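Participant: To be precise about what I am sending: the file is called target.txt and holds compact mmCIF, C-alpha atoms.
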# COMPACT_ATOMS: atom_id res chain seq x y z
CA MET X 1 -13.81 -9.80 11.21
CA HIS X 2 -13.90 -6.03 11.74
CA SER X 3 -10.65 -5.50 9.78
CA ILE X 4 -11.93 -7.69 6.92
CA LYS X 5 -15.17 -5.73 6.76
CA LEU X 6 -13.30 -2.43 6.79
CA GLY X 7 -11.01 -3.64 4.02
CA ILE X 8 -13.98 -4.60 1.85
CA ILE X 9 -15.55 -1.18 2.38
CA ALA X 10 -12.28 0.56 1.54
CA ILE X 11 -11.66 -1.46 -1.63
CA SER X 12 -15.20 -1.08 -2.91
CA PHE X 13 -15.10 2.65 -2.28
CA LEU X 14 -11.76 3.09 -4.05
CA VAL X 15 -12.87 1.11 -7.07
CA GLY X 16 -16.13 3.03 -7.31
CA PHE X 17 -14.81 6.54 -6.86
CA PHE X 18 -11.30 6.53 -8.33
CA PRO X 19 -11.36 5.24 -11.93
CA VAL X 20 -8.23 4.13 -13.77
CA GLN X 21 -7.99 7.29 -15.89
CA ASN X 22 -7.69 9.49 -12.80
CA ASP X 23 -4.33 11.25 -12.63
CA TRP X 24 -3.72 10.25 -9.01
CA GLU X 25 -1.22 7.38 -8.58
CA LEU X 26 -1.70 4.96 -5.69
CA GLN X 27 1.54 4.82 -3.67
CA LYS X 28 0.46 2.85 -0.61
CA PHE X 29 -2.56 0.91 0.63
CA GLU X 30 -2.25 -0.59 4.10
CA GLN X 31 -4.58 -0.89 7.10
CA GLY X 32 -7.43 0.48 5.00
CA ILE X 33 -5.54 3.70 4.24
CA ALA X 34 -4.75 4.65 0.64
CA VAL X 35 -2.16 7.32 -0.17
CA TYR X 36 -1.92 8.85 -3.63
CA THR X 37 0.33 11.43 -5.28
CA ARG X 38 0.19 13.36 -8.51
CA VAL X 39 2.19 16.00 -10.31
CA ALA X 40 0.82 19.36 -9.26
CA GLU X 41 0.23 22.11 -11.78
CA ASN X 42 2.74 24.98 -11.56
CA SER X 43 4.68 23.31 -8.72
CA LYS X 44 7.80 21.18 -8.45
CA TYR X 45 6.28 19.44 -5.42
CA LYS X 46 3.86 16.53 -5.61
CA GLU X 47 0.31 16.89 -4.37
CA LEU X 48 -0.84 14.13 -2.04
CA LYS X 49 -4.15 12.60 -1.11
CA SER X 50 -5.10 10.06 1.53
CA VAL X 51 -8.37 8.16 1.69
CA ALA X 52 -9.70 6.06 4.57
CA GLN X 53 -12.98 5.11 6.24
CA TYR X 54 -13.71 5.59 9.92
CA LYS X 55 -16.49 4.38 12.20
CA ALA X 56 -17.85 7.75 13.29
CA SER X 57 -20.48 10.39 12.69
CA LEU X 58 -19.79 13.56 10.72
CA SER X 59 -19.93 15.55 13.96
CA ALA X 60 -17.32 13.26 15.50
CA MET X 61 -14.93 13.71 12.58
CA VAL X 62 -15.36 17.50 12.59
CA ALA X 63 -14.91 17.61 16.38
CA LEU X 64 -11.57 15.82 16.03
CA ILE X 65 -10.35 17.89 13.08
CA ASN X 66 -11.33 21.08 14.92
CA ASP X 67 -9.50 19.98 18.06
CA ARG X 68 -6.35 21.69 16.83
CA PRO X 69 -4.37 21.49 20.13
CA SER X 70 -4.63 17.69 19.98
CA TYR X 71 -2.66 17.62 16.72
CA THR X 72 0.59 17.43 18.67
CA LYS X 73 -0.44 13.92 19.75
CA TRP X 74 -1.62 12.37 16.48
CA VAL X 75 -0.63 14.46 13.45
CA TYR X 76 2.67 13.48 11.82
CA ARG X 77 5.63 15.62 13.01
CA CYS X 78 3.40 18.26 14.57
CA GLY X 79 5.37 20.26 17.14
CA GLU X 80 2.86 22.92 18.22
CA SER X 81 -0.74 23.56 17.20
CA GLU X 82 -3.03 26.37 18.24
CA ILE X 83 -6.16 28.24 17.23
CA LEU X 84 -5.19 31.89 16.80
CA LYS X 85 -8.72 33.13 16.29
CA ARG X 86 -12.11 31.41 16.18
CA ILE X 87 -14.04 33.56 13.72
CA SER X 88 -17.22 31.46 13.79
CA ASP X 89 -18.35 27.85 14.20
CA THR X 90 -17.21 27.24 10.62
CA GLU X 91 -14.12 29.45 10.31
CA LEU X 92 -10.88 29.89 12.25
CA MET X 93 -7.21 30.85 12.02
CA HIS X 94 -4.76 28.06 12.78
CA HIS X 95 -1.02 28.07 13.47
CA GLN X 96 1.08 24.90 13.43
CA THR X 97 4.75 23.99 13.58
CA VAL X 98 6.37 21.04 11.84
CA VAL X 99 9.31 19.17 13.34
CA ALA X 100 11.67 18.62 10.40
CA PRO X 101 14.20 15.77 10.30
CA TRP X 102 17.78 16.78 11.07
CA PRO X 103 19.53 18.80 9.69
CA ALA X 104 16.61 20.73 8.18
CA ASP X 105 15.07 23.65 10.07
CA ASN X 106 11.62 23.28 11.60
CA ARG X 107 8.72 24.83 9.69
CA ASP X 108 5.55 26.64 10.65
CA PHE X 109 2.47 27.85 8.83
CA VAL X 110 -0.70 29.87 9.37
CA VAL X 111 -3.93 29.00 7.59
CA ASN X 112 -7.46 30.28 7.33
CA VAL X 113 -9.79 27.28 7.75
CA LYS X 114 -13.35 27.32 6.39
CA LEU X 115 -15.95 24.54 6.68
CA THR X 116 -18.94 24.11 4.36
CA GLN X 117 -21.57 21.38 4.11
CA ASP X 118 -23.79 20.37 1.22
CA LEU X 119 -27.15 19.97 2.94
CA LYS X 120 -28.42 17.60 0.25
CA THR X 121 -25.51 15.12 0.21
CA LYS X 122 -24.27 16.02 3.73
CA VAL X 123 -20.71 16.06 2.35
CA ILE X 124 -18.44 18.35 4.37
CA THR X 125 -15.49 20.23 2.87
CA ILE X 126 -12.86 21.92 5.04
CA ASN X 127 -10.47 24.17 3.11
CA SER X 128 -7.22 25.57 4.53
CA THR X 129 -5.69 28.61 2.79
CA CYS X 130 -2.20 29.87 3.61
CA LYS X 131 -1.92 33.24 5.37
CA PRO X 132 1.87 33.50 5.95
CA ASP X 133 1.88 37.10 7.19
CA TYR X 134 -0.97 36.79 9.69
CA ILE X 135 1.45 36.66 12.64
CA PRO X 136 5.18 37.54 13.00
CA HIS X 137 7.61 34.87 11.91
CA LYS X 138 8.57 32.36 14.58
CA LYS X 139 12.19 32.27 15.71
CA ASN X 140 14.26 29.34 14.35
CA HIS X 141 11.46 28.30 12.00
CA VAL X 142 11.03 28.62 8.23
CA ARG X 143 7.60 30.11 7.51
CA ILE X 144 5.74 28.13 4.86
CA THR X 145 4.27 30.51 2.28
CA GLU X 146 2.62 27.98 -0.05
CA PHE X 147 0.16 25.62 1.63
CA ARG X 148 -3.18 24.31 0.40
CA ALA X 149 -5.12 21.58 2.18
CA LYS X 150 -8.63 20.15 2.01
CA TRP X 151 -10.64 17.61 3.99
CA ILE X 152 -13.67 15.99 2.31
CA LEU X 153 -15.94 14.03 4.66
CA THR X 154 -18.55 11.82 3.00
CA PRO X 155 -21.09 9.82 5.02
CA LEU X 156 -21.27 6.11 4.14
CA PRO X 157 -23.76 3.37 5.06
CA GLY X 158 -23.34 1.59 8.38
CA GLY X 159 -22.16 4.60 10.37
CA TYR X 160 -18.89 5.12 8.50
CA VAL X 161 -17.39 8.30 7.10
CA ASN X 162 -15.06 8.39 4.12
CA VAL X 163 -12.26 10.83 4.92
CA GLU X 164 -10.27 12.28 2.05
CA TYR X 165 -7.36 14.63 2.70
CA GLN X 166 -5.52 16.56 0.01
CA LEU X 167 -2.35 18.60 0.52
CA LEU X 168 0.03 20.63 -1.59
CA VAL X 169 2.85 22.37 0.26
CA ASN X 170 6.13 24.06 -0.59
CA PRO X 171 8.25 23.68 2.56
CA GLY X 172 10.56 26.52 1.56
CA GLY X 173 14.18 26.80 2.60
CA ASN X 174 16.89 24.66 1.04
CA VAL X 175 15.18 21.26 1.11
CA PRO X 176 15.41 19.71 -2.39
CA ALA X 177 12.08 18.98 -4.07
CA TRP X 178 13.11 15.39 -4.84
CA LEU X 179 13.69 14.73 -1.12
CA VAL X 180 10.33 16.20 -0.15
CA ASN X 181 8.57 14.16 -2.84
CA MET X 182 10.17 10.96 -1.53
CA ALA X 183 8.82 11.62 1.98
CA VAL X 184 5.23 12.62 1.22
CA ILE X 185 3.87 9.11 1.77
CA ASP X 186 4.80 8.72 5.44
CA GLY X 187 2.96 11.77 6.79
CA PRO X 188 -0.60 11.11 5.61
CA PHE X 189 -0.32 7.39 6.30
CA GLU X 190 0.88 7.75 9.90
CA THR X 191 -1.65 10.51 10.55
CA GLY X 192 -4.43 8.29 9.18
CA VAL X 193 -3.40 5.39 11.43
CA ASN X 194 -3.34 7.67 14.47
CA MET X 195 -6.67 9.25 13.54
CA ARG X 196 -8.31 5.80 13.58
CA GLU X 197 -7.40 5.45 17.27
CA TRP X 198 -8.19 9.02 18.30
CA ILE X 199 -11.65 9.07 16.75
CA LYS X 200 -12.64 6.23 19.11
CA LYS X 201 -12.44 8.56 22.13
CA ASP X 202 -15.76 9.38 23.79
CA VAL X 203 -15.17 13.13 23.56
CA TYR X 204 -15.44 12.83 19.78
CA GLN X 205 -17.84 9.90 19.42
CA LYS X 206 -20.42 11.67 21.59
CA ALA X 207 -19.99 15.05 19.91
CA LYS X 208 -23.14 16.71 18.57
CA LEU X 209 -22.40 19.89 16.64
CA SER X 210 -25.30 22.24 16.00
CA TYR X 211 -23.85 23.45 12.70
CA ILE X 212 -23.40 19.92 11.28
CA VAL X 213 -26.18 17.81 9.75
CA ASP X 214 -25.35 14.17 10.54
Would you mind giving the structure from this file in structure tokens?

Facilitator:
Amino acid sequence: MHSIKLGIIAISFLVGFFPVQNDWELQKFEQGIAVYTRVAENSKYKELKSVAQYKASLSAMVALINDRPSYTKWVYRCGESEILKRISDTELMHHQTVVAPWPADNRDFVVNVKLTQDLKTKVITINSTCKPDYIPHKKNHVRITEFRAKWILTPLPGGYVNVEYQLLVNPGGNVPAWLVNMAVIDGPFETGVNMREWIKKDVYQKAKLSYIVD
């Protein structure tokens, strides 16, 4: 019954918020998780977007997304993840490595992460901007120099949050664009499935963040 209800919520949300004329193309919709791609402007790599609904408060979702060290356990192909500097409650510097499939070299990136909330709608936006020269390059890793990501958290009726994630990345190195574009579906889908389990943990469900209006 729970899965049926979640599916109905997901379908109704997708129909209402993503009209046919939108330039995003649906590539996969399973377990209540939709993954889209589109041709990105001024890039040979496709931009991706995932959309799913989770039973959680806004504070819970932010607590999980801000728990950067936990990424090694639930984010697709995450090797290492650390907060380099916590600038404020709503801004930090983040470093992460990506375990690439053989024979490609592993990647890493550094981003500046900023959170904002619209106090009227309560919608939260978390933007990540690439800062490739913030720390020295990591040995045996290709430093990603083009990376743009965004989380959009929208509260829904019944204690759900719609979670939208957008990503455009140039992995650098000698990996062909066509190969990267073929693989962009797996990452956001597997991460979304894992997130659904992790958000159930008490440490997140019971989170109350003073800088978030639930």

Participant: Hey, which of X:Ala100, X:Val62, X:Leu115, X:Val163 ends up closest to Ile87 in chain X? Count only C-alpha atoms.

Facilitator: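 Of X:Ala100, X:Val62, X:Leu115, X:Val163, the one nearest Ile87 in chain X is X:Leu115, counting only C-alpha atoms.
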
Participant: I'd like to know which of X:Tyr36, X:Tyr165, X:Trp102, X:Tyr45 is closest to Asn127 in chain X, using only C-alpha atoms.

Facilitator: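 Between X:Tyr36, X:Tyr165, X:Trp102, X:Tyr45, the residue approaching Asn127 in chain X most closely is X:Tyr165.
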
Participant: So which one's closest to Gly32 in chain X, X:Ser59, X:Gln96, X:Thr154, X:Asn162? Using all atoms listed in the file, please.

Facilitator: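 Of X:Ser59, X:Gln96, X:Thr154, X:Asn162, the one nearest Gly32 in chain X, counting all atoms listed in the file, is X:Asn162.
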
Participant: Find the residues around Val110 in chain X up to 6 Å (all atoms listed in the file counted), leave out those fewer than 3 positions away in its own chain, and share them as a list in words.

Facilitator: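 Skipping anything fewer than 3 positions along the chain leaves His94, His95, Cys130, Lys131 and Pro132 of chain X.
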
Participant: Nearest to Lys28 in chain X: which of X:Tyr76, X:Tyr54, X:Phe189, X:Tyr160 is it, counting only C-alpha atoms?

Facilitator: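 Among the listed residues, the smallest separation from Lys28 in chain X belongs to X:Phe189.
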
Participant: Quick one: axis-aligned box around all listed atoms of range 130-142 of chain X, 6 Å on every side, centre and edge lengths in Å to one decimal, written as AutoDock Vina command-line options.

Facilitator:
--center_x 6.0 --center_y 32.9 --center_z 9.7 --size_x 28.5 --size_y 21.2 --size_z 24.1

Participant: Could you list, as JSON, numbers by chain, every residue within 12 Å of Lys206 in chain X, counting all atoms listed in the file and ignoring same-chain residues fewer than 2 positions away?

Facilitator: {"X": [56, 57, 58, 59, 60, 61, 62, 63, 64, 199, 200, 201, 202, 203, 204, 208, 209]}
